[in-house]
file input.cif (mmCIF, C-alpha atoms)
data_target
#
loop_
_atom_site.label_atom_id
_atom_site.label_comp_id
_atom_site.auth_asym_id
_atom_site.auth_seq_id
_atom_site.Cartn_x
_atom_site.Cartn_y
_atom_site.Cartn_z
CA MET A 1 147.42 1.65 64.76
CA ALA A 2 147.17 -1.16 67.28
CA VAL A 3 145.34 -4.44 67.20
CA SER A 4 144.29 -5.18 70.75
CA HIS A 5 143.86 -8.66 71.72
CA TRP A 6 151.23 -9.08 76.71
CA LYS A 7 153.25 -10.81 79.35
CA SER A 8 153.07 -9.50 82.90
CA LEU A 9 155.69 -6.87 83.50
CA PRO A 10 157.84 -6.58 86.63
CA VAL A 11 156.21 -4.64 89.44
CA ALA A 12 157.72 -2.45 92.15
CA HIS A 13 155.80 -3.59 95.23
CA ASN A 14 154.53 -1.18 97.86
CA LEU A 15 154.08 -2.11 101.50
CA CYS A 16 151.66 -0.42 103.87
CA CYS A 17 153.15 -0.43 107.36
CA CYS A 18 149.79 -0.45 109.14
CA SER A 19 149.01 -2.76 112.00
CA ALA A 20 145.55 -3.95 112.97
CA LEU A 21 145.49 -1.13 115.49
CA HIS A 22 144.92 2.17 113.71
CA THR A 23 147.97 4.44 113.77
CA THR A 24 147.48 7.91 112.36
CA THR A 25 150.20 10.26 111.11
CA THR A 26 148.77 12.94 108.84
CA ARG A 27 150.80 15.55 106.95
CA THR A 28 147.86 17.89 106.67
CA THR A 29 147.57 18.71 110.37
CA SER A 30 149.86 20.97 112.34
CA SER A 31 150.94 18.17 114.66
CA THR A 32 151.35 14.41 114.44
CA THR A 33 148.67 12.51 116.35
CA LEU A 34 149.20 8.99 117.58
CA PHE A 35 146.28 7.06 119.02
CA LEU A 36 144.93 3.56 119.36
CA SER A 37 141.31 2.90 118.59
CA GLN A 38 139.27 -0.26 118.91
CA ARG A 39 136.11 1.14 117.34
CA PRO A 40 135.43 0.29 113.68
CA LEU A 41 136.87 2.74 111.23
CA ARG A 42 134.28 4.46 109.05
CA TYR A 43 135.03 5.44 105.47
CA ALA A 44 132.89 7.03 102.77
CA VAL A 45 133.61 6.45 99.09
CA VAL A 46 131.82 9.00 96.88
CA GLY A 47 131.39 7.47 93.44
CA ALA A 48 130.83 3.88 92.29
CA GLY A 49 132.84 3.72 89.08
CA PHE A 50 136.30 2.28 88.40
CA ALA A 51 138.00 4.50 91.00
CA GLY A 52 135.44 4.15 93.80
CA LEU A 53 135.07 0.37 93.64
CA SER A 54 138.83 -0.12 93.42
CA VAL A 55 139.29 1.95 96.58
CA ALA A 56 136.53 0.00 98.35
CA TRP A 57 138.12 -3.35 97.44
CA HIS A 58 141.59 -2.27 98.55
CA LEU A 59 140.34 -0.75 101.82
CA LEU A 60 138.82 -4.12 102.66
CA ASN A 61 141.78 -6.15 101.41
CA SER A 62 144.47 -4.01 103.09
CA SER A 63 142.79 -3.50 106.46
CA GLY A 64 143.68 -6.86 108.02
CA LYS A 65 141.42 -9.38 109.71
CA ASP A 66 141.27 -7.75 113.14
CA LEU A 67 140.41 -4.19 112.17
CA GLY A 68 136.71 -3.29 112.26
CA LEU A 69 135.73 -1.42 109.10
CA HIS A 70 132.55 0.17 107.77
CA ILE A 71 132.49 1.49 104.19
CA ASP A 72 129.62 3.49 102.71
CA ILE A 73 129.64 3.95 98.91
CA TYR A 74 127.56 6.86 97.60
CA ASP A 75 126.46 7.23 94.00
CA GLU A 76 123.25 8.86 92.84
CA VAL A 77 122.84 6.41 89.93
CA GLY A 78 124.45 3.28 91.34
CA ILE A 79 127.22 0.98 90.17
CA GLY A 80 128.84 2.21 86.95
CA GLY A 81 126.31 4.96 86.37
CA GLY A 82 128.86 7.54 85.22
CA ALA A 83 131.59 7.64 82.59
CA SER A 84 133.13 4.33 83.78
CA GLY A 85 130.03 2.38 82.85
CA VAL A 86 129.98 3.66 79.27
CA SER A 87 133.70 3.37 78.50
CA GLY A 88 134.90 1.34 75.55
CA GLY A 89 136.57 -1.27 77.77
CA LEU A 90 139.84 -1.53 75.82
CA LEU A 91 142.69 -2.17 78.26
CA HIS A 92 146.34 -1.59 77.35
CA PRO A 93 149.25 0.37 78.91
CA TYR A 94 150.47 2.29 75.87
CA SER A 95 150.28 5.84 74.54
CA PRO A 96 148.92 6.46 71.02
CA LYS A 97 152.55 6.28 69.82
CA GLY A 98 153.10 2.83 71.34
CA LYS A 99 155.16 4.05 74.32
CA LEU A 100 154.64 2.44 77.74
CA LEU A 101 152.75 4.89 79.94
CA TRP A 102 154.07 6.17 83.28
CA ARG A 103 154.21 3.23 85.74
CA GLY A 104 152.40 1.20 83.11
CA ALA A 105 153.69 -2.13 84.49
CA GLU A 106 152.23 -1.58 87.96
CA CYS A 107 148.95 -0.30 86.54
CA TRP A 108 148.68 -3.20 84.10
CA ASN A 109 149.35 -5.93 86.66
CA GLU A 110 147.07 -4.52 89.35
CA CYS A 111 144.26 -4.07 86.85
CA LEU A 112 144.58 -7.69 85.70
CA LYS A 113 144.37 -8.78 89.34
CA LEU A 114 141.12 -6.91 89.84
CA LEU A 115 139.68 -8.31 86.62
CA SER A 116 140.44 -11.84 87.82
CA ILE A 117 138.94 -11.09 91.23
CA ALA A 118 135.76 -9.80 89.61
CA GLU A 119 135.50 -12.79 87.28
CA ALA A 120 135.89 -15.20 90.20
CA ALA A 121 133.06 -13.51 92.10
CA VAL A 122 130.29 -14.20 89.57
CA PRO A 123 128.40 -17.52 89.53
CA GLN A 124 129.39 -20.12 86.94
CA ASN A 125 126.06 -19.79 85.16
CA PHE A 126 126.63 -16.05 84.60
CA ASN A 127 125.46 -15.09 81.11
CA GLY A 128 127.73 -12.79 79.10
CA PHE A 129 131.44 -12.04 79.08
CA ILE A 130 133.22 -9.75 81.54
CA VAL A 131 136.66 -9.99 79.97
CA ARG A 132 137.63 -10.97 76.41
CA ARG A 133 141.31 -12.03 76.39
CA ARG A 134 143.51 -12.11 73.38
CA ILE A 135 153.40 -6.88 71.42
CA GLU A 136 154.61 -7.51 68.35
CA THR A 137 154.75 -5.75 64.99
CA ILE A 138 152.89 -7.58 62.23
CA ASP A 139 152.31 -6.89 58.55
CA GLN A 140 149.03 -6.60 56.69
CA ASP A 141 148.73 -10.30 55.82
CA ALA A 142 149.22 -11.37 59.43
CA ALA A 143 146.85 -8.67 60.65
CA GLN A 144 144.14 -9.77 58.21
CA ASN A 145 144.44 -13.33 59.48
CA LEU A 146 143.47 -11.95 62.88
CA THR A 147 141.01 -9.31 61.70
CA PRO A 148 139.40 -10.04 58.33
CA ASN A 149 138.99 -7.03 56.00
CA LEU A 150 141.44 -4.94 58.01
CA CYS A 151 143.19 -2.24 55.97
CA LEU A 152 146.63 -0.98 57.05
CA PRO A 153 147.65 2.29 55.35
CA PHE A 154 151.29 1.78 56.41
CA ASN A 155 151.33 -2.05 56.11
CA SER A 156 152.05 -2.59 59.80
CA ALA A 157 150.30 -2.80 63.14
CA PHE A 158 151.05 -3.54 66.79
CA TYR A 159 149.51 -6.83 67.94
CA MET A 160 148.87 -7.17 71.69
CA PRO A 161 147.95 -10.83 72.21
CA GLU A 162 147.38 -10.47 75.95
CA ALA A 163 145.59 -7.13 75.98
CA VAL A 164 141.94 -7.40 76.96
CA ASN A 165 138.53 -6.00 76.16
CA ILE A 166 136.09 -5.81 79.05
CA HIS A 167 132.39 -5.16 79.43
CA PRO A 168 132.55 -2.20 81.86
CA GLN A 169 129.10 -2.48 83.40
CA ARG A 170 129.35 -6.23 84.01
CA TYR A 171 132.87 -5.84 85.38
CA LEU A 172 131.84 -3.14 87.85
CA GLN A 173 128.85 -5.16 89.05
CA ALA A 174 131.13 -8.18 89.51
CA LEU A 175 133.75 -6.11 91.37
CA PHE A 176 131.11 -4.82 93.77
CA LEU A 177 129.99 -8.42 94.36
CA ALA A 178 133.63 -9.32 95.04
CA CYS A 179 133.80 -6.50 97.63
CA GLU A 180 130.69 -7.86 99.36
CA ASN A 181 132.10 -11.38 99.36
CA LEU A 182 135.47 -10.24 100.73
CA GLY A 183 133.78 -8.29 103.54
CA LYS A 184 131.82 -11.37 104.59
CA GLU A 185 134.87 -13.62 104.35
CA LEU A 186 137.04 -11.34 106.47
CA SER A 187 134.28 -10.83 109.03
CA ASN A 188 133.91 -14.58 109.45
CA SER A 189 137.64 -15.25 109.79
CA GLY A 190 138.74 -12.49 112.16
CA PHE A 191 137.70 -10.30 115.07
CA GLY A 192 137.02 -7.18 113.03
CA VAL A 193 133.62 -6.87 111.39
CA LYS A 194 133.67 -5.54 107.81
CA GLU A 195 130.57 -3.78 106.53
CA LEU A 196 129.93 -2.46 103.02
CA CYS A 197 126.83 -0.47 102.06
CA LEU A 198 125.81 1.12 98.75
CA HIS A 199 123.63 4.25 98.91
CA LYS A 200 121.96 5.58 95.76
CA LYS A 201 122.10 9.13 96.98
CA SER A 202 123.38 12.49 95.76
CA ILE A 203 126.08 14.20 97.77
CA HIS A 204 125.79 17.97 97.80
CA LYS A 205 128.49 18.95 100.31
CA LEU A 206 131.60 17.15 101.48
CA LEU A 207 131.48 18.83 104.87
CA ASP A 208 128.18 17.07 105.58
CA PHE A 209 130.37 14.02 106.27
CA GLU A 210 132.41 15.76 108.96
CA GLY A 211 132.06 14.01 112.30
CA GLU A 212 130.52 10.89 110.74
CA TYR A 213 133.55 9.34 109.03
CA ASP A 214 137.26 8.95 109.70
CA ALA A 215 137.97 9.59 106.03
CA VAL A 216 136.11 10.39 102.82
CA VAL A 217 137.45 9.82 99.31
CA VAL A 218 135.99 11.65 96.30
CA CYS A 219 135.85 9.43 93.19
CA LEU A 220 133.33 11.41 91.17
CA GLY A 221 135.27 12.04 87.98
CA ALA A 222 134.10 15.20 86.23
CA LYS A 223 131.36 15.73 88.82
CA ALA A 224 133.91 16.38 91.58
CA ASP A 225 133.95 20.02 90.49
CA LEU A 226 130.24 20.26 91.34
CA LEU A 227 130.98 19.94 95.05
CA PRO A 228 131.13 23.46 96.53
CA GLU A 229 134.30 22.69 98.49
CA LEU A 230 136.13 21.72 95.26
CA SER A 231 134.48 23.94 92.67
CA GLY A 232 137.13 25.84 90.70
CA ARG A 233 139.95 24.33 92.79
CA LEU A 234 140.84 21.29 90.67
CA PRO A 235 143.01 21.53 87.52
CA LEU A 236 140.59 19.44 85.46
CA ARG A 237 139.17 19.92 81.98
CA THR A 238 135.96 18.24 80.94
CA CYS A 239 135.38 16.40 77.69
CA ARG A 240 132.23 14.58 76.58
CA GLY A 241 132.68 11.40 74.57
CA VAL A 242 130.05 9.57 72.51
CA ILE A 243 130.33 5.84 71.79
CA ALA A 244 128.23 4.21 69.06
CA HIS A 245 126.87 0.66 69.17
CA LEU A 246 126.74 -1.17 65.84
CA GLN A 247 125.46 -4.61 64.87
CA LEU A 248 126.02 -6.76 61.80
CA PRO A 249 122.63 -7.76 60.31
CA ASP A 250 121.96 -11.49 59.89
CA ASP A 251 121.84 -11.16 56.11
CA LYS A 252 125.12 -9.23 55.84
CA GLY A 253 128.67 -10.57 55.71
CA GLU A 254 130.37 -13.20 57.83
CA ASP A 255 130.48 -13.28 61.63
CA TYR A 256 133.44 -11.51 63.14
CA PRO A 257 135.83 -14.18 64.51
CA ASP A 258 134.97 -15.05 68.10
CA HIS A 259 138.57 -14.42 69.19
CA GLY A 260 139.20 -11.66 66.68
CA ALA A 261 141.12 -8.60 67.77
CA SER A 262 139.67 -5.24 68.68
CA ILE A 263 141.20 -2.26 66.90
CA LEU A 264 142.88 0.89 68.22
CA SER A 265 143.18 3.71 65.71
CA ASP A 266 141.82 7.24 65.16
CA ALA A 267 138.49 5.56 65.83
CA TRP A 268 138.64 2.43 67.98
CA LEU A 269 136.47 -0.65 67.53
CA ALA A 270 135.72 -2.84 70.56
CA PHE A 271 134.12 -6.07 69.36
CA GLN A 272 131.60 -7.47 71.83
CA GLY A 273 130.82 -10.62 69.86
CA PRO A 274 130.59 -11.92 66.28
CA ARG A 275 127.98 -9.31 65.31
CA SER A 276 128.26 -6.57 67.92
CA LEU A 277 130.78 -3.77 68.41
CA TYR A 278 131.32 -0.40 70.06
CA MET A 279 132.93 2.41 68.06
CA GLY A 280 134.43 5.48 69.66
CA SER A 281 134.99 8.03 70.61
CA THR A 282 134.23 11.70 70.09
CA TRP A 283 135.92 14.49 72.07
CA GLU A 284 133.73 17.48 72.90
CA TRP A 285 135.96 19.70 75.02
CA LYS A 286 134.54 22.00 77.71
CA SER A 287 131.20 20.20 77.68
CA ARG A 288 129.44 19.98 81.05
CA ASN A 289 126.85 17.47 79.84
CA SER A 290 127.25 14.32 81.95
CA SER A 291 124.07 12.61 80.77
CA PRO A 292 124.62 9.13 79.28
CA ASN A 293 121.69 9.77 76.94
CA VAL A 294 122.51 10.77 73.36
CA SER A 295 120.05 12.66 71.15
CA ALA A 296 119.43 11.81 67.50
CA ASP A 297 121.33 14.92 66.42
CA GLU A 298 124.31 14.13 68.65
CA SER A 299 124.33 10.53 67.38
CA SER A 300 124.29 11.71 63.78
CA THR A 301 127.19 14.10 64.39
CA ALA A 302 129.19 11.35 66.12
CA LEU A 303 128.65 8.91 63.24
CA GLN A 304 129.71 11.53 60.70
CA GLU A 305 132.96 11.94 62.63
CA LEU A 306 133.72 8.30 63.51
CA LEU A 307 132.62 6.24 60.50
CA PRO A 308 135.10 7.74 58.01
CA LYS A 309 137.95 7.11 60.48
CA ALA A 310 136.81 3.52 61.08
CA ASN A 311 136.37 2.90 57.37
CA VAL A 312 140.05 3.68 56.73
CA ILE A 313 141.21 0.66 58.71
CA TYR A 314 138.09 -1.55 58.63
CA PRO A 315 136.19 -1.01 55.34
CA ALA A 316 133.70 -3.74 56.26
CA ILE A 317 132.20 -1.28 58.75
CA LYS A 318 129.89 -0.24 55.90
CA ASP A 319 127.92 -3.48 56.43
CA TRP A 320 127.24 -2.75 60.10
CA THR A 321 124.10 -0.99 61.31
CA PHE A 322 123.92 1.72 63.96
CA THR A 323 121.67 0.67 66.87
CA GLY A 324 122.28 3.32 69.53
CA ALA A 325 124.77 5.50 71.36
CA LYS A 326 125.84 6.36 74.89
CA ALA A 327 128.05 9.07 76.33
CA GLY A 328 130.19 9.96 79.32
CA LEU A 329 131.93 13.07 80.64
CA ARG A 330 135.68 12.63 81.08
CA ALA A 331 137.69 14.48 83.74
CA MET A 332 140.96 15.26 81.95
CA PRO A 333 144.02 16.04 84.14
CA PRO A 334 146.76 18.55 83.29
CA LEU A 335 149.77 17.55 81.21
CA THR A 336 152.96 16.85 83.21
CA PRO A 337 156.49 15.79 82.18
CA HIS A 338 155.28 12.21 82.75
CA GLY A 339 152.10 12.57 80.72
CA SER A 340 148.56 13.32 81.83
CA LEU A 341 148.42 11.77 85.30
CA PRO A 342 145.42 11.38 87.64
CA LEU A 343 145.01 13.54 90.74
CA LEU A 344 145.47 11.84 94.11
CA GLY A 345 146.00 13.02 97.65
CA CYS A 346 144.59 14.42 100.85
CA ILE A 347 142.57 17.56 100.12
CA ASN A 348 142.05 19.03 103.60
CA ASP A 349 144.37 21.89 102.64
CA VAL A 350 142.48 22.39 99.39
CA ILE A 351 139.16 22.60 101.23
CA GLY A 352 140.59 24.73 104.05
CA GLY A 353 139.93 24.42 107.76
CA ASN A 354 140.74 21.92 110.49
CA TYR A 355 138.62 18.78 110.38
CA ALA A 356 138.56 15.56 112.35
CA CYS A 357 137.82 13.80 109.07
CA ASN A 358 140.49 13.41 106.39
CA PHE A 359 139.22 14.14 102.88
CA TRP A 360 140.91 12.53 99.88
CA LEU A 361 140.69 12.81 96.10
CA PHE A 362 141.08 10.11 93.44
CA GLY A 363 140.16 11.80 90.17
CA GLY A 364 141.24 13.03 86.78
CA LEU A 365 141.54 9.56 85.25
CA GLY A 366 140.66 10.95 81.83
CA SER A 367 140.25 8.25 79.21
CA ARG A 368 142.50 5.76 81.08
CA GLY A 369 140.39 5.00 84.11
CA LEU A 370 140.38 1.28 83.42
CA LEU A 371 144.17 1.08 83.30
CA TYR A 372 144.82 3.33 86.31
CA HIS A 373 142.07 2.28 88.71
CA GLY A 374 143.64 -0.88 90.12
CA TRP A 375 147.08 0.31 91.22
CA LEU A 376 146.09 3.86 92.13
CA GLY A 377 143.06 2.61 94.07
CA LYS A 378 145.43 0.42 96.05
CA LEU A 379 147.80 3.32 96.74
CA ILE A 380 145.15 5.70 98.01
CA ALA A 381 143.44 2.99 100.11
CA GLN A 382 146.72 2.26 101.87
CA ALA A 383 147.37 5.98 102.35
CA MET A 384 143.89 6.40 103.85
CA LEU A 385 144.33 3.47 106.24
CA CYS A 386 147.66 4.86 107.40
CA SER A 387 146.58 8.52 107.13
CA ASN A 388 149.83 9.18 105.30
CA GLU A 389 149.87 10.96 101.96
CA ASP A 390 153.61 10.25 101.61
CA MET A 391 152.69 6.73 100.49
CA ILE A 392 151.47 8.18 97.18
CA PRO A 393 154.08 9.01 94.49
CA THR A 394 154.71 12.74 94.35
CA GLU A 395 153.94 12.74 90.62
CA LEU A 396 150.29 12.14 91.58
CA THR A 397 150.09 14.80 94.30
CA SER A 398 152.04 17.61 92.60
CA TRP A 399 148.79 18.95 91.09
CA LYS A 400 148.16 20.74 94.39
CA LYS A 401 151.01 23.13 93.54
CA ILE A 402 149.16 24.36 90.45
CA LYS A 403 147.51 27.71 91.11
CA GLN A 404 143.88 27.90 90.03
#
call {"tool": "encode", "arguments": {"input": "input.cif", "output": "structure tokens"}}
result
Amino acid sequence: MAVSHWKSLPVAHNLCCCSALHTTTTRTTSSTTLFLSQRPLRYAVVGAGFAGLSVAWHLLNSSGKDLGLHIDIYDEVGIGGGASGVSGGLLHPYSPKGKLLWRGAECWNECLKLLSIAEAAVPQNFNGFIVRRRIETIDQDAAQNLTPNLCLPFNSAFYMPEAVNIHPQRYLQALFLACENLGKELSNSGFGVKELCLHKKSIHKLLDFEGEYDAVVVCLGAKADLLPELSGRLPLRTCRGVIAHLQLPDDKGEDYPDHGASILSDAWLAFQGPRSLYMGSTWEWKSRNSSPNVSADESSTALQELLPKANVIYPAIKDWTFTGAKAGLRAMPPLTPHGSLPLLGCINDVIGGNYACNFWLFGGLGSRGLLYHGWLGKLIAQAMLCSNEDMIPTELTSWKKIKQ
């Protein structure tokens, strides 16, 4: 069990060798094309969750001052309307067994950068937290000093003093604001105009974008399989997760400490304040239900599953009252020798045909979208700007060798 509340790890830096003039070398075409273009580059980002907004930020930030750039973000619901917006918000780079995940240092550091960027974008009078900040092994007495009423079956826990708990919806709204601000700043300081537009619109076919954009990146999570060009061609499994919101009544117990730790166990508890927490999560495999709405029956089933698990490590949960639930549909990637890694890469070969537009995929983030979105969004943005899939680690593109 982990108590989530760690120093920055060393990072292997990546450099995109793109100049302000757009040079294209694409693996997915039969020949290498080299051309110079002074027109603004046009990109479409399909999806406005963790993946999509990270890509948008890094396209802007990596494009240079002199390159004209127009980015359209498409999402039928808007910012954070899918699984990203209803995630628990617990950020750490470890597996359930306490092992550092594949490239966990890079992912951790890039995510912290984006969190800081988002925080800096909101006005000082902003109401509500975006990030709550707070690894060592500690015993039960030390753990209870951090988290009153905590019960440790094995008398030990991992304490992560620099792990963070975020409010996903507020963070995503702030990151979009940061993208807007960066576009304006770069436009005012260079020769290349940067434009960013959000469209609340459903996308039914990828090929509708052909001829309109230089590149399109699909960041739709589990909904990527609904696009006809990708249906049945991605090695993804779907899994619906329900998260319960609980509050501590005014006449019950003491306030949870303002800087108290959140808890990672068979059921995790993400404390949102002294009397508010999220508890998760269920795993309903093969579900295709992407609605965030949770029925009374589904809520009851989720509570029956989660409360006994939470009670084992936090018996005081009995004093908290259920106030509602939300759900998201995860896109779970296949297991590899390095763990379950997201799917990245150019998908022109997957779609089939010769297109002037390059189509890309950033998906399969599973339950670790918050950790992965910063670094992997940076990688795929740089690959898109350079039209070079080789800039992405092969561990993230090897999924294309899996036969469907």
call {"tool": "resolve_selection", "arguments": {"input": "input.cif", "expression": "the PyMOL selection byres ((chain A and resi 167) around 12)", "output": "VMD selection string"}}
result
chain A and resid 80 84 to 91 115 118 to 119 128 to 133 164 to 166 168 to 174 270 to 273 277 to 278 370
call {"tool": "atom_distance", "arguments": {"input": "input.cif", "atom1": "atom CA of A:Leu236", "atom2": "atom CA of A:Gly364"}}
result
6.6 Å
call {"tool": "resolve_selection", "arguments": {"input": "input.cif", "expression": "the PyMOL selection byres ((chain A and resi 362) around 8)", "output": "number ranges by chain"}}
result
A: 51, 217-219, 342-345, 360-361, 363-364, 377, 380
call {"tool": "resolve_selection", "arguments": {"input": "input.cif", "expression": "the PyMOL selection byres ((chain A and resi 195-209) around 10)", "output": "ChimeraX atom specification"}}
result
/A:40,42-48,56-57,60,68-79,176,179-184,186-187,192-194,210-218,226-230,351,355,357,359
call {"tool": "atom_distance", "arguments": {"input": "input.cif", "atom1": "atom CA of A:Tyr256", "atom2": "atom CA of A:Lys318"}}
result
13.9 Å
call {"tool": "atom_distance", "arguments": {"input": "input.cif", "atom1": "atom CA of A:Trp102", "atom2": "atom CA of A:Gly339"}}
result
7.2 Å
call {"tool": "closest_residue", "arguments": {"input": "input.cif", "among": "A:Leu112, A:Val242, A:Leu371, A:Leu379", "to": "A:Ala296", "atoms": "all atoms listed in the file"}}
result
A:Val242
call {"tool": "closest_residue", "arguments": {"input": "input.cif", "among": "A:Asn311, A:Thr397, A:Ser295, A:Thr238", "to": "A:Trp268", "atoms": "only C-alpha atoms"}}
result
A:Asn311
call {"tool": "closest_residue", "arguments": {"input": "input.cif", "among": "A:Ala331, A:Leu175, A:Leu303, A:Leu396", "to": "A:Ala222", "atoms": "all atoms listed in the file"}}
result
A:Ala331
call {"tool": "residues_near_point", "arguments": {"input": "input.cif", "point": "(138.3, 6.9, 78.8)", "cutoff": "7 Å", "atoms": "all atoms listed in the file", "output": "list in words"}}
result
Ser87, Arg330, Gly366, Ser367, Arg368 and Gly369 of chain A
call {"tool": "axis_aligned_box", "arguments": {"input": "input.cif", "around": "stretch 287-302 of chain A", "padding_each_side": "5 Å", "output": "lines of an AutoDock Vina configuration file"}}
result
center_x = 125.3
center_y = 14.7
center_z = 72.9
size_x = 21.8
size_y = 21.1
size_z = 28.2
call {"tool": "residues_near_point", "arguments": {"input": "input.cif", "point": "(146.2, -0.2, 93.4)", "cutoff": "12 Å", "atoms": "only C-alpha atoms", "output": "JSON, numbers by chain"}}
result
{"A": [11, 12, 13, 14, 15, 16, 50, 51, 52, 53, 54, 55, 56, 57, 58, 59, 61, 62, 103, 105, 106, 107, 108, 109, 110, 111, 112, 113, 114, 362, 370, 371, 372, 373, 374, 375, 376, 377, 378, 379, 380, 381, 382, 383, 391, 392]}
call {"tool": "closest_residue", "arguments": {"input": "input.cif", "among": "A:Arg240, A:Phe126, A:Trp320, A:Ala302", "to": "A:Lys252", "atoms": "all atoms listed in the file"}}
result
A:Trp320
